Amino acid sequence: MRLPKKILVPTDMSTFSLAALQYAEIIAEVFCAEITLIHIIQSGAGTGPVHPEDETGDGKSVTIVESKKMISHLLMDKDLVIRSIKILVRSGSPAAEIVKAVKEIDADLIVMSTHGRTGLHHTVVGSVAEKVVRYAICPVLTVKPEEFRELVSLSEEEIAGDLHMG
């Protein structure tokens, strides 16, 4: 077993994904590891390599440089810059780009948040976290943020039913 020296933390800049960064910071401190934060500018199917600009869902063009600045400001606003954090911004399918980045930076661990997507959207699109867990070549620690735990409460019957179906 390889102790974590390089930790990859995917972020969509949501509060949920910042919870994963907090876990990663603790792990990084214990093992003297580096943290690389990755943000994916989601693009349509069939998109090639990273482009300097990409379209977001609202039709506005966001550059990779702007995304890096937004992430830096978000980290400073939340007082999450305890150690130096590298920031990667990619364009494409989130799960695929995260898995590629693991190989590129030789990450030992991925720490990522779950968003708890359910229903039709989850069935059609699938979960990024599920895909990363399935295809990553390193261990993946998934974090369910406190904010999400407070929003969702399943009965024991619902949980048992889900476990029997899976």
# chains A, B, ... in the order shown; residues from 1 in each chain; ligands from 1
>>> residues_around(residues="stretch 68-71 of chain A", least_positions_apart="5", cutoff="7 Å", atoms="only C-alpha atoms", output="ChimeraX atom specification")
/A:13,87,89
>>> residues_around(residues="A:Ile41", least_positions_apart="3", cutoff="7 Å", atoms="only C-alpha atoms", output="list of chain:residue names")
A:Arg90, A:Ser91, A:Gly92
>>> residues_around(residues="stretch 131-138 of chain A", least_positions_apart="6", cutoff="7 Å", atoms="only C-alpha atoms", output="JSON, numbers by chain")
{"A": [95, 99, 108, 109]}
>>> closest_residue(among="A:Ser127, A:Leu8, A:Asp77, A:Met1", to="A:Glu25", atoms="only C-alpha atoms")
A:Leu8
>>> atom_distance(atom1="atom CA of A:Ser17", atom2="atom CA of A:Ile64")
18.8 Å
>>> residues_around(residues="A:Ile7", least_positions_apart="3", cutoff="12 Å", atoms="only C-alpha atoms", output="PDB file with all heavy atoms, in the first residue's frame")
ATOM      1  N   LEU A   3       1.310   5.160   0.733  1.00  0.00           N
ATOM      2  CA  LEU A   3       0.738   6.260   1.518  1.00  0.00           C
ATOM      3  C   LEU A   3       0.519   7.461   0.611  1.00  0.00           C
ATOM      4  O   LEU A   3       1.311   7.702  -0.306  1.00  0.00           O
ATOM      5  CB  LEU A   3       1.661   6.626   2.672  1.00  0.00           C
ATOM      6  CG  LEU A   3       1.865   5.530   3.721  1.00  0.00           C
ATOM      7  CD1 LEU A   3       2.857   5.993   4.770  1.00  0.00           C
ATOM      8  CD2 LEU A   3       0.548   5.144   4.369  1.00  0.00           C
ATOM      9  N   PRO A   4      -0.528   8.233   0.865  1.00  0.00           N
ATOM     10  CA  PRO A   4      -0.824   9.355  -0.027  1.00  0.00           C
ATOM     11  C   PRO A   4       0.211  10.476   0.069  1.00  0.00           C
ATOM     12  O   PRO A   4       0.484  10.988   1.147  1.00  0.00           O
ATOM     13  CB  PRO A   4      -2.198   9.837   0.432  1.00  0.00           C
ATOM     14  CG  PRO A   4      -2.387   9.295   1.793  1.00  0.00           C
ATOM     15  CD  PRO A   4      -1.531   8.078   1.909  1.00  0.00           C
ATOM     16  N   PRO A  10     -11.498  16.871  -6.713  1.00  0.00           N
ATOM     17  CA  PRO A  10     -12.372  17.488  -7.714  1.00  0.00           C
ATOM     18  C   PRO A  10     -13.308  18.510  -7.046  1.00  0.00           C
ATOM     19  O   PRO A  10     -13.780  18.284  -5.930  1.00  0.00           O
ATOM     20  CB  PRO A  10     -13.183  16.316  -8.271  1.00  0.00           C
ATOM     21  CG  PRO A  10     -12.418  15.098  -7.886  1.00  0.00           C
ATOM     22  CD  PRO A  10     -11.732  15.433  -6.601  1.00  0.00           C
ATOM     23  N   ALA A  20     -15.097  18.139   0.864  1.00  0.00           N
ATOM     24  CA  ALA A  20     -14.076  17.157   0.504  1.00  0.00           C
ATOM     25  C   ALA A  20     -12.684  17.765   0.644  1.00  0.00           C
ATOM     26  O   ALA A  20     -11.743  17.089   1.071  1.00  0.00           O
ATOM     27  CB  ALA A  20     -14.306  16.648  -0.916  1.00  0.00           C
ATOM     28  N   LEU A  21     -12.548  19.028   0.287  1.00  0.00           N
ATOM     29  CA  LEU A  21     -11.254  19.696   0.412  1.00  0.00           C
ATOM     30  C   LEU A  21     -10.828  19.767   1.876  1.00  0.00           C
ATOM     31  O   LEU A  21      -9.651  19.595   2.193  1.00  0.00           O
ATOM     32  CB  LEU A  21     -11.303  21.092  -0.211  1.00  0.00           C
ATOM     33  CG  LEU A  21     -10.024  21.912  -0.112  1.00  0.00           C
ATOM     34  CD1 LEU A  21      -8.847  21.178  -0.753  1.00  0.00           C
ATOM     35  CD2 LEU A  21     -10.217  23.272  -0.757  1.00  0.00           C
ATOM     36  N   TYR A  23     -11.509  17.580   4.222  1.00  0.00           N
ATOM     37  CA  TYR A  23     -10.992  16.248   4.540  1.00  0.00           C
ATOM     38  C   TYR A  23      -9.598  16.070   3.958  1.00  0.00           C
ATOM     39  O   TYR A  23      -8.693  15.560   4.614  1.00  0.00           O
ATOM     40  CB  TYR A  23     -11.906  15.159   3.965  1.00  0.00           C
ATOM     41  CG  TYR A  23     -13.016  14.729   4.884  1.00  0.00           C
ATOM     42  CD1 TYR A  23     -14.206  15.422   4.918  1.00  0.00           C
ATOM     43  CD2 TYR A  23     -12.872  13.605   5.695  1.00  0.00           C
ATOM     44  CE1 TYR A  23     -15.245  15.020   5.747  1.00  0.00           C
ATOM     45  CE2 TYR A  23     -13.902  13.194   6.524  1.00  0.00           C
ATOM     46  CZ  TYR A  23     -15.088  13.913   6.550  1.00  0.00           C
ATOM     47  OH  TYR A  23     -16.098  13.514   7.365  1.00  0.00           O
ATOM     48  N   ALA A  24      -9.425  16.468   2.719  1.00  0.00           N
ATOM     49  CA  ALA A  24      -8.130  16.315   2.052  1.00  0.00           C
ATOM     50  C   ALA A  24      -7.035  17.088   2.785  1.00  0.00           C
ATOM     51  O   ALA A  24      -5.893  16.615   2.876  1.00  0.00           O
ATOM     52  CB  ALA A  24      -8.227  16.769   0.598  1.00  0.00           C
ATOM     53  N   GLU A  25      -7.354  18.261   3.297  1.00  0.00           N
ATOM     54  CA  GLU A  25      -6.360  19.054   4.021  1.00  0.00           C
ATOM     55  C   GLU A  25      -5.878  18.327   5.271  1.00  0.00           C
ATOM     56  O   GLU A  25      -4.691  18.358   5.589  1.00  0.00           O
ATOM     57  CB  GLU A  25      -6.933  20.428   4.390  1.00  0.00           C
ATOM     58  CG  GLU A  25      -7.023  21.355   3.203  1.00  0.00           C
ATOM     59  CD  GLU A  25      -7.567  22.731   3.569  1.00  0.00           C
ATOM     60  OE1 GLU A  25      -8.398  22.825   4.499  1.00  0.00           O
ATOM     61  OE2 GLU A  25      -7.147  23.693   2.921  1.00  0.00           O
ATOM     62  N   ILE A  26      -6.792  17.675   5.958  1.00  0.00           N
ATOM     63  CA  ILE A  26      -6.412  16.917   7.158  1.00  0.00           C
ATOM     64  C   ILE A  26      -5.500  15.756   6.774  1.00  0.00           C
ATOM     65  O   ILE A  26      -4.456  15.534   7.389  1.00  0.00           O
ATOM     66  CB  ILE A  26      -7.667  16.411   7.901  1.00  0.00           C
ATOM     67  CG1 ILE A  26      -8.450  17.599   8.464  1.00  0.00           C
ATOM     68  CG2 ILE A  26      -7.276  15.438   9.019  1.00  0.00           C
ATOM     69  CD1 ILE A  26      -9.859  17.253   8.923  1.00  0.00           C
ATOM     70  N   ILE A  27      -5.880  15.021   5.750  1.00  0.00           N
ATOM     71  CA  ILE A  27      -5.073  13.884   5.289  1.00  0.00           C
ATOM     72  C   ILE A  27      -3.700  14.371   4.819  1.00  0.00           C
ATOM     73  O   ILE A  27      -2.679  13.762   5.127  1.00  0.00           O
ATOM     74  CB  ILE A  27      -5.811  13.124   4.163  1.00  0.00           C
ATOM     75  CG1 ILE A  27      -7.081  12.485   4.720  1.00  0.00           C
ATOM     76  CG2 ILE A  27      -4.902  12.066   3.535  1.00  0.00           C
ATOM     77  CD1 ILE A  27      -8.042  11.994   3.653  1.00  0.00           C
ATOM     78  N   ALA A  28      -3.687  15.472   4.085  1.00  0.00           N
ATOM     79  CA  ALA A  28      -2.423  16.024   3.578  1.00  0.00           C
ATOM     80  C   ALA A  28      -1.495  16.426   4.717  1.00  0.00           C
ATOM     81  O   ALA A  28      -0.277  16.207   4.642  1.00  0.00           O
ATOM     82  CB  ALA A  28      -2.701  17.219   2.671  1.00  0.00           C
ATOM     83  N   GLU A  29      -2.058  16.976   5.757  1.00  0.00           N
ATOM     84  CA  GLU A  29      -1.229  17.383   6.890  1.00  0.00           C
ATOM     85  C   GLU A  29      -0.628  16.160   7.589  1.00  0.00           C
ATOM     86  O   GLU A  29       0.553  16.156   7.929  1.00  0.00           O
ATOM     87  CB  GLU A  29      -2.059  18.200   7.881  1.00  0.00           C
ATOM     88  CG  GLU A  29      -1.200  18.861   8.934  1.00  0.00           C
ATOM     89  CD  GLU A  29      -1.945  19.930   9.692  1.00  0.00           C
ATOM     90  OE1 GLU A  29      -2.729  20.662   9.090  1.00  0.00           O
ATOM     91  OE2 GLU A  29      -1.713  20.014  10.916  1.00  0.00           O
ATOM     92  N   PHE A  31       0.020  13.169   6.319  1.00  0.00           N
ATOM     93  CA  PHE A  31       0.978  12.445   5.477  1.00  0.00           C
ATOM     94  C   PHE A  31       1.947  13.361   4.720  1.00  0.00           C
ATOM     95  O   PHE A  31       2.681  12.880   3.866  1.00  0.00           O
ATOM     96  CB  PHE A  31       0.225  11.561   4.472  1.00  0.00           C
ATOM     97  CG  PHE A  31      -0.514  10.434   5.127  1.00  0.00           C
ATOM     98  CD1 PHE A  31      -1.891  10.481   5.265  1.00  0.00           C
ATOM     99  CD2 PHE A  31       0.169   9.338   5.621  1.00  0.00           C
ATOM    100  CE1 PHE A  31      -2.586   9.440   5.873  1.00  0.00           C
ATOM    101  CE2 PHE A  31      -0.511   8.290   6.231  1.00  0.00           C
ATOM    102  CZ  PHE A  31      -1.893   8.355   6.364  1.00  0.00           C
ATOM    103  N   CYS A  32       1.953  14.657   5.022  1.00  0.00           N
ATOM    104  CA  CYS A  32       2.798  15.631   4.322  1.00  0.00           C
ATOM    105  C   CYS A  32       2.605  15.507   2.809  1.00  0.00           C
ATOM    106  O   CYS A  32       3.567  15.424   2.033  1.00  0.00           O
ATOM    107  CB  CYS A  32       4.259  15.458   4.688  1.00  0.00           C
ATOM    108  SG  CYS A  32       4.587  15.761   6.433  1.00  0.00           S
ATOM    109  N   ALA A  33       1.357  15.478   2.401  1.00  0.00           N
ATOM    110  CA  ALA A  33       1.015  15.289   0.991  1.00  0.00           C
ATOM    111  C   ALA A  33       0.674  16.615   0.319  1.00  0.00           C
ATOM    112  O   ALA A  33       0.344  17.594   0.980  1.00  0.00           O
ATOM    113  CB  ALA A  33      -0.182  14.336   0.872  1.00  0.00           C
ATOM    114  N   GLU A  34       0.754  16.609  -1.014  1.00  0.00           N
ATOM    115  CA  GLU A  34       0.368  17.767  -1.825  1.00  0.00           C
ATOM    116  C   GLU A  34      -1.103  17.620  -2.203  1.00  0.00           C
ATOM    117  O   GLU A  34      -1.591  16.507  -2.403  1.00  0.00           O
ATOM    118  CB  GLU A  34       1.157  17.791  -3.132  1.00  0.00           C
ATOM    119  CG  GLU A  34       2.633  17.915  -2.997  1.00  0.00           C
ATOM    120  CD  GLU A  34       3.337  17.762  -4.348  1.00  0.00           C
ATOM    121  OE1 GLU A  34       2.666  17.645  -5.394  1.00  0.00           O
ATOM    122  OE2 GLU A  34       4.578  17.745  -4.344  1.00  0.00           O
ATOM    123  N   ILE A  35      -1.775  18.758  -2.349  1.00  0.00           N
ATOM    124  CA  ILE A  35      -3.164  18.748  -2.802  1.00  0.00           C
ATOM    125  C   ILE A  35      -3.250  19.441  -4.153  1.00  0.00           C
ATOM    126  O   ILE A  35      -2.704  20.528  -4.339  1.00  0.00           O
ATOM    127  CB  ILE A  35      -4.100  19.478  -1.815  1.00  0.00           C
ATOM    128  CG1 ILE A  35      -4.155  18.738  -0.487  1.00  0.00           C
ATOM    129  CG2 ILE A  35      -5.505  19.629  -2.408  1.00  0.00           C
ATOM    130  CD1 ILE A  35      -4.976  19.455   0.579  1.00  0.00           C
ATOM    131  N   THR A  36      -3.933  18.792  -5.076  1.00  0.00           N
ATOM    132  CA  THR A  36      -4.247  19.400  -6.364  1.00  0.00           C
ATOM    133  C   THR A  36      -5.760  19.430  -6.484  1.00  0.00           C
ATOM    134  O   THR A  36      -6.420  18.400  -6.369  1.00  0.00           O
ATOM    135  CB  THR A  36      -3.644  18.602  -7.537  1.00  0.00           C
ATOM    136  OG1 THR A  36      -2.223  18.547  -7.382  1.00  0.00           O
ATOM    137  CG2 THR A  36      -3.988  19.250  -8.867  1.00  0.00           C
ATOM    138  N   LEU A  37      -6.283  20.609  -6.684  1.00  0.00           N
ATOM    139  CA  LEU A  37      -7.722  20.802  -6.869  1.00  0.00           C
ATOM    140  C   LEU A  37      -7.990  20.803  -8.365  1.00  0.00           C
ATOM    141  O   LEU A  37      -7.267  21.457  -9.117  1.00  0.00           O
ATOM    142  CB  LEU A  37      -8.095  22.151  -6.265  1.00  0.00           C
ATOM    143  CG  LEU A  37      -9.518  22.418  -5.843  1.00  0.00           C
ATOM    144  CD1 LEU A  37      -9.950  21.457  -4.753  1.00  0.00           C
ATOM    145  CD2 LEU A  37      -9.637  23.842  -5.337  1.00  0.00           C
ATOM    146  N   ILE A  38      -9.015  20.061  -8.808  1.00  0.00           N
ATOM    147  CA  ILE A  38      -9.340  20.043 -10.229  1.00  0.00           C
ATOM    148  C   ILE A  38     -10.791  20.455 -10.431  1.00  0.00           C
ATOM    149  O   ILE A  38     -11.680  20.006  -9.707  1.00  0.00           O
ATOM    150  CB  ILE A  38      -9.058  18.669 -10.880  1.00  0.00           C
ATOM    151  CG1 ILE A  38      -9.306  18.724 -12.389  1.00  0.00           C
ATOM    152  CG2 ILE A  38      -9.875  17.569 -10.216  1.00  0.00           C
ATOM    153  CD1 ILE A  38      -8.794  17.527 -13.166  1.00  0.00           C
ATOM    154  N   ILE A  85      -2.012  24.969  -2.648  1.00  0.00           N
ATOM    155  CA  ILE A  85      -2.856  24.038  -3.384  1.00  0.00           C
ATOM    156  C   ILE A  85      -2.690  24.335  -4.861  1.00  0.00           C
ATOM    157  O   ILE A  85      -2.831  25.471  -5.297  1.00  0.00           O
ATOM    158  CB  ILE A  85      -4.341  24.208  -2.976  1.00  0.00           C
ATOM    159  CG1 ILE A  85      -4.529  23.851  -1.504  1.00  0.00           C
ATOM    160  CG2 ILE A  85      -5.241  23.355  -3.861  1.00  0.00           C
ATOM    161  CD1 ILE A  85      -5.925  24.118  -0.989  1.00  0.00           C
ATOM    162  N   LYS A  86      -2.375  23.305  -5.627  1.00  0.00           N
ATOM    163  CA  LYS A  86      -2.293  23.464  -7.076  1.00  0.00           C
ATOM    164  C   LYS A  86      -3.708  23.411  -7.631  1.00  0.00           C
ATOM    165  O   LYS A  86      -4.545  22.668  -7.122  1.00  0.00           O
ATOM    166  CB  LYS A  86      -1.454  22.350  -7.692  1.00  0.00           C
ATOM    167  CG  LYS A  86      -0.004  22.372  -7.260  1.00  0.00           C
ATOM    168  CD  LYS A  86       0.735  21.200  -7.839  1.00  0.00           C
ATOM    169  CE  LYS A  86       2.154  21.169  -7.281  1.00  0.00           C
ATOM    170  NZ  LYS A  86       2.856  19.950  -7.667  1.00  0.00           N
ATOM    171  N   ILE A  87      -3.950  24.181  -8.683  1.00  0.00           N
ATOM    172  CA  ILE A  87      -5.282  24.206  -9.297  1.00  0.00           C
ATOM    173  C   ILE A  87      -5.166  23.815 -10.761  1.00  0.00           C
ATOM    174  O   ILE A  87      -4.392  24.395 -11.511  1.00  0.00           O
ATOM    175  CB  ILE A  87      -5.919  25.605  -9.176  1.00  0.00           C
ATOM    176  CG1 ILE A  87      -6.084  25.983  -7.702  1.00  0.00           C
ATOM    177  CG2 ILE A  87      -7.270  25.638  -9.897  1.00  0.00           C
ATOM    178  CD1 ILE A  87      -6.541  27.426  -7.489  1.00  0.00           C
ATOM    179  N   ILE A  98     -11.195  13.657 -14.530  1.00  0.00           N
ATOM    180  CA  ILE A  98     -10.654  13.368 -13.194  1.00  0.00           C
ATOM    181  C   ILE A  98      -9.760  12.131 -13.261  1.00  0.00           C
ATOM    182  O   ILE A  98      -8.639  12.127 -12.747  1.00  0.00           O
ATOM    183  CB  ILE A  98     -11.793  13.188 -12.168  1.00  0.00           C
ATOM    184  CG1 ILE A  98     -12.505  14.524 -11.946  1.00  0.00           C
ATOM    185  CG2 ILE A  98     -11.250  12.633 -10.849  1.00  0.00           C
ATOM    186  CD1 ILE A  98     -13.849  14.407 -11.249  1.00  0.00           C
ATOM    187  N   ALA A 101      -6.529  12.955 -14.962  1.00  0.00           N
ATOM    188  CA  ALA A 101      -5.653  13.779 -14.117  1.00  0.00           C
ATOM    189  C   ALA A 101      -4.918  12.935 -13.085  1.00  0.00           C
ATOM    190  O   ALA A 101      -3.775  13.238 -12.737  1.00  0.00           O
ATOM    191  CB  ALA A 101      -6.464  14.874 -13.434  1.00  0.00           C
ATOM    192  N   VAL A 102      -5.550  11.874 -12.601  1.00  0.00           N
ATOM    193  CA  VAL A 102      -4.898  10.974 -11.637  1.00  0.00           C
ATOM    194  C   VAL A 102      -3.602  10.448 -12.234  1.00  0.00           C
ATOM    195  O   VAL A 102      -2.559  10.450 -11.580  1.00  0.00           O
ATOM    196  CB  VAL A 102      -5.835   9.799 -11.257  1.00  0.00           C
ATOM    197  CG1 VAL A 102      -5.067   8.712 -10.511  1.00  0.00           C
ATOM    198  CG2 VAL A 102      -6.989  10.298 -10.414  1.00  0.00           C
ATOM    199  N   LYS A 103      -3.678  10.014 -13.478  1.00  0.00           N
ATOM    200  CA  LYS A 103      -2.483   9.468 -14.144  1.00  0.00           C
ATOM    201  C   LYS A 103      -1.452  10.564 -14.389  1.00  0.00           C
ATOM    202  O   LYS A 103      -0.256  10.356 -14.190  1.00  0.00           O
ATOM    203  CB  LYS A 103      -2.874   8.818 -15.465  1.00  0.00           C
ATOM    204  CG  LYS A 103      -3.701   7.560 -15.291  1.00  0.00           C
ATOM    205  CD  LYS A 103      -4.138   7.013 -16.628  1.00  0.00           C
ATOM    206  CE  LYS A 103      -5.073   5.821 -16.455  1.00  0.00           C
ATOM    207  NZ  LYS A 103      -5.608   5.352 -17.729  1.00  0.00           N
ATOM    208  N   ILE A 105      -0.853  13.460 -12.816  1.00  0.00           N
ATOM    209  CA  ILE A 105      -0.129  13.987 -11.650  1.00  0.00           C
ATOM    210  C   ILE A 105       0.365  12.880 -10.727  1.00  0.00           C
ATOM    211  O   ILE A 105       0.967  13.158  -9.704  1.00  0.00           O
ATOM    212  CB  ILE A 105      -0.976  15.010 -10.859  1.00  0.00           C
ATOM    213  CG1 ILE A 105      -2.139  14.320 -10.126  1.00  0.00           C
ATOM    214  CG2 ILE A 105      -1.448  16.151 -11.735  1.00  0.00           C
ATOM    215  CD1 ILE A 105      -2.776  15.186  -9.064  1.00  0.00           C
ATOM    216  N   ASP A 106       0.086  11.621 -11.096  1.00  0.00           N
ATOM    217  CA  ASP A 106       0.482  10.464 -10.300  1.00  0.00           C
ATOM    218  C   ASP A 106      -0.130  10.546  -8.894  1.00  0.00           C
ATOM    219  O   ASP A 106       0.552  10.359  -7.881  1.00  0.00           O
ATOM    220  CB  ASP A 106       2.004  10.352 -10.236  1.00  0.00           C
ATOM    221  CG  ASP A 106       2.462   9.000  -9.712  1.00  0.00           C
ATOM    222  OD1 ASP A 106       1.714   8.004  -9.871  1.00  0.00           O
ATOM    223  OD2 ASP A 106       3.559   8.932  -9.118  1.00  0.00           O
ATOM    224  N   ALA A 107      -1.431  10.820  -8.839  1.00  0.00           N
ATOM    225  CA  ALA A 107      -2.132  10.945  -7.557  1.00  0.00           C
ATOM    226  C   ALA A 107      -2.227   9.594  -6.858  1.00  0.00           C
ATOM    227  O   ALA A 107      -2.389   8.559  -7.493  1.00  0.00           O
ATOM    228  CB  ALA A 107      -3.528  11.524  -7.774  1.00  0.00           C
ATOM    229  N   ASP A 108      -2.134   9.632  -5.542  1.00  0.00           N
ATOM    230  CA  ASP A 108      -2.237   8.436  -4.714  1.00  0.00           C
ATOM    231  C   ASP A 108      -3.635   8.272  -4.134  1.00  0.00           C
ATOM    232  O   ASP A 108      -3.980   7.200  -3.625  1.00  0.00           O
ATOM    233  CB  ASP A 108      -1.257   8.515  -3.528  1.00  0.00           C
ATOM    234  CG  ASP A 108       0.152   8.766  -3.974  1.00  0.00           C
ATOM    235  OD1 ASP A 108       0.684   7.923  -4.715  1.00  0.00           O
ATOM    236  OD2 ASP A 108       0.713   9.805  -3.594  1.00  0.00           O
ATOM    237  N   LEU A 109      -4.414   9.362  -4.148  1.00  0.00           N
ATOM    238  CA  LEU A 109      -5.721   9.355  -3.512  1.00  0.00           C
ATOM    239  C   LEU A 109      -6.586  10.445  -4.136  1.00  0.00           C
ATOM    240  O   LEU A 109      -6.093  11.533  -4.438  1.00  0.00           O
ATOM    241  CB  LEU A 109      -5.574   9.628  -2.006  1.00  0.00           C
ATOM    242  CG  LEU A 109      -6.840   9.759  -1.169  1.00  0.00           C
ATOM    243  CD1 LEU A 109      -7.588   8.424  -1.098  1.00  0.00           C
ATOM    244  CD2 LEU A 109      -6.495  10.246   0.242  1.00  0.00           C
ATOM    245  N   ILE A 110      -7.861  10.132  -4.313  1.00  0.00           N
ATOM    246  CA  ILE A 110      -8.852  11.133  -4.720  1.00  0.00           C
ATOM    247  C   ILE A 110      -9.783  11.319  -3.533  1.00  0.00           C
ATOM    248  O   ILE A 110     -10.247  10.337  -2.947  1.00  0.00           O
ATOM    249  CB  ILE A 110      -9.678  10.671  -5.933  1.00  0.00           C
ATOM    250  CG1 ILE A 110      -8.798  10.394  -7.144  1.00  0.00           C
ATOM    251  CG2 ILE A 110     -10.758  11.709  -6.277  1.00  0.00           C
ATOM    252  CD1 ILE A 110      -9.515   9.713  -8.293  1.00  0.00           C
ATOM    253  N   VAL A 111     -10.033  12.560  -3.161  1.00  0.00           N
ATOM    254  CA  VAL A 111     -11.017  12.858  -2.122  1.00  0.00           C
ATOM    255  C   VAL A 111     -12.073  13.717  -2.786  1.00  0.00           C
ATOM    256  O   VAL A 111     -11.783  14.811  -3.259  1.00  0.00           O
ATOM    257  CB  VAL A 111     -10.393  13.600  -0.919  1.00  0.00           C
ATOM    258  CG1 VAL A 111     -11.454  13.896   0.131  1.00  0.00           C
ATOM    259  CG2 VAL A 111      -9.250  12.791  -0.313  1.00  0.00           C
ATOM    260  N   MET A 112     -13.302  13.185  -2.855  1.00  0.00           N
ATOM    261  CA  MET A 112     -14.349  13.928  -3.549  1.00  0.00           C
ATOM    262  C   MET A 112     -15.670  13.829  -2.814  1.00  0.00           C
ATOM    263  O   MET A 112     -15.925  12.882  -2.083  1.00  0.00           O
ATOM    264  CB  MET A 112     -14.487  13.469  -4.995  1.00  0.00           C
ATOM    265  CG  MET A 112     -14.968  12.070  -5.212  1.00  0.00           C
ATOM    266  SD  MET A 112     -14.916  11.562  -6.958  1.00  0.00           S
ATOM    267  CE  MET A 112     -15.956  12.775  -7.734  1.00  0.00           C
ATOM    268  N   CYS A 138      -6.467   4.716  -8.404  1.00  0.00           N
ATOM    269  CA  CYS A 138      -6.028   4.909  -7.028  1.00  0.00           C
ATOM    270  C   CYS A 138      -7.261   4.879  -6.116  1.00  0.00           C
ATOM    271  O   CYS A 138      -8.389   4.964  -6.597  1.00  0.00           O
ATOM    272  CB  CYS A 138      -5.271   6.225  -6.883  1.00  0.00           C
ATOM    273  SG  CYS A 138      -6.281   7.688  -7.122  1.00  0.00           S
ATOM    274  N   PRO A 139      -7.066   4.772  -4.813  1.00  0.00           N
ATOM    275  CA  PRO A 139      -8.207   4.794  -3.900  1.00  0.00           C
ATOM    276  C   PRO A 139      -8.986   6.109  -4.000  1.00  0.00           C
ATOM    277  O   PRO A 139      -8.414   7.164  -4.290  1.00  0.00           O
ATOM    278  CB  PRO A 139      -7.568   4.661  -2.516  1.00  0.00           C
ATOM    279  CG  PRO A 139      -6.242   4.052  -2.757  1.00  0.00           C
ATOM    280  CD  PRO A 139      -5.806   4.550  -4.104  1.00  0.00           C
ATOM    281  N   VAL A 140     -10.300   6.015  -3.746  1.00  0.00           N
ATOM    282  CA  VAL A 140     -11.178   7.184  -3.787  1.00  0.00           C
ATOM    283  C   VAL A 140     -11.922   7.256  -2.461  1.00  0.00           C
ATOM    284  O   VAL A 140     -12.588   6.299  -2.067  1.00  0.00           O
ATOM    285  CB  VAL A 140     -12.201   7.101  -4.942  1.00  0.00           C
ATOM    286  CG1 VAL A 140     -13.098   8.331  -4.962  1.00  0.00           C
ATOM    287  CG2 VAL A 140     -11.500   6.911  -6.278  1.00  0.00           C
ATOM    288  N   LEU A 141     -11.790   8.375  -1.783  1.00  0.00           N
ATOM    289  CA  LEU A 141     -12.531   8.625  -0.551  1.00  0.00           C
ATOM    290  C   LEU A 141     -13.681   9.550  -0.905  1.00  0.00           C
ATOM    291  O   LEU A 141     -13.450  10.666  -1.389  1.00  0.00           O
ATOM    292  CB  LEU A 141     -11.634   9.282   0.501  1.00  0.00           C
ATOM    293  CG  LEU A 141     -12.333   9.792   1.767  1.00  0.00           C
ATOM    294  CD1 LEU A 141     -12.985   8.646   2.533  1.00  0.00           C
ATOM    295  CD2 LEU A 141     -11.340  10.537   2.641  1.00  0.00           C
TER     296      LEU A 141
END
>>> atom_distance(atom1="atom CA of A:Ser93", atom2="atom CA of A:Thr63")
16.5 Å
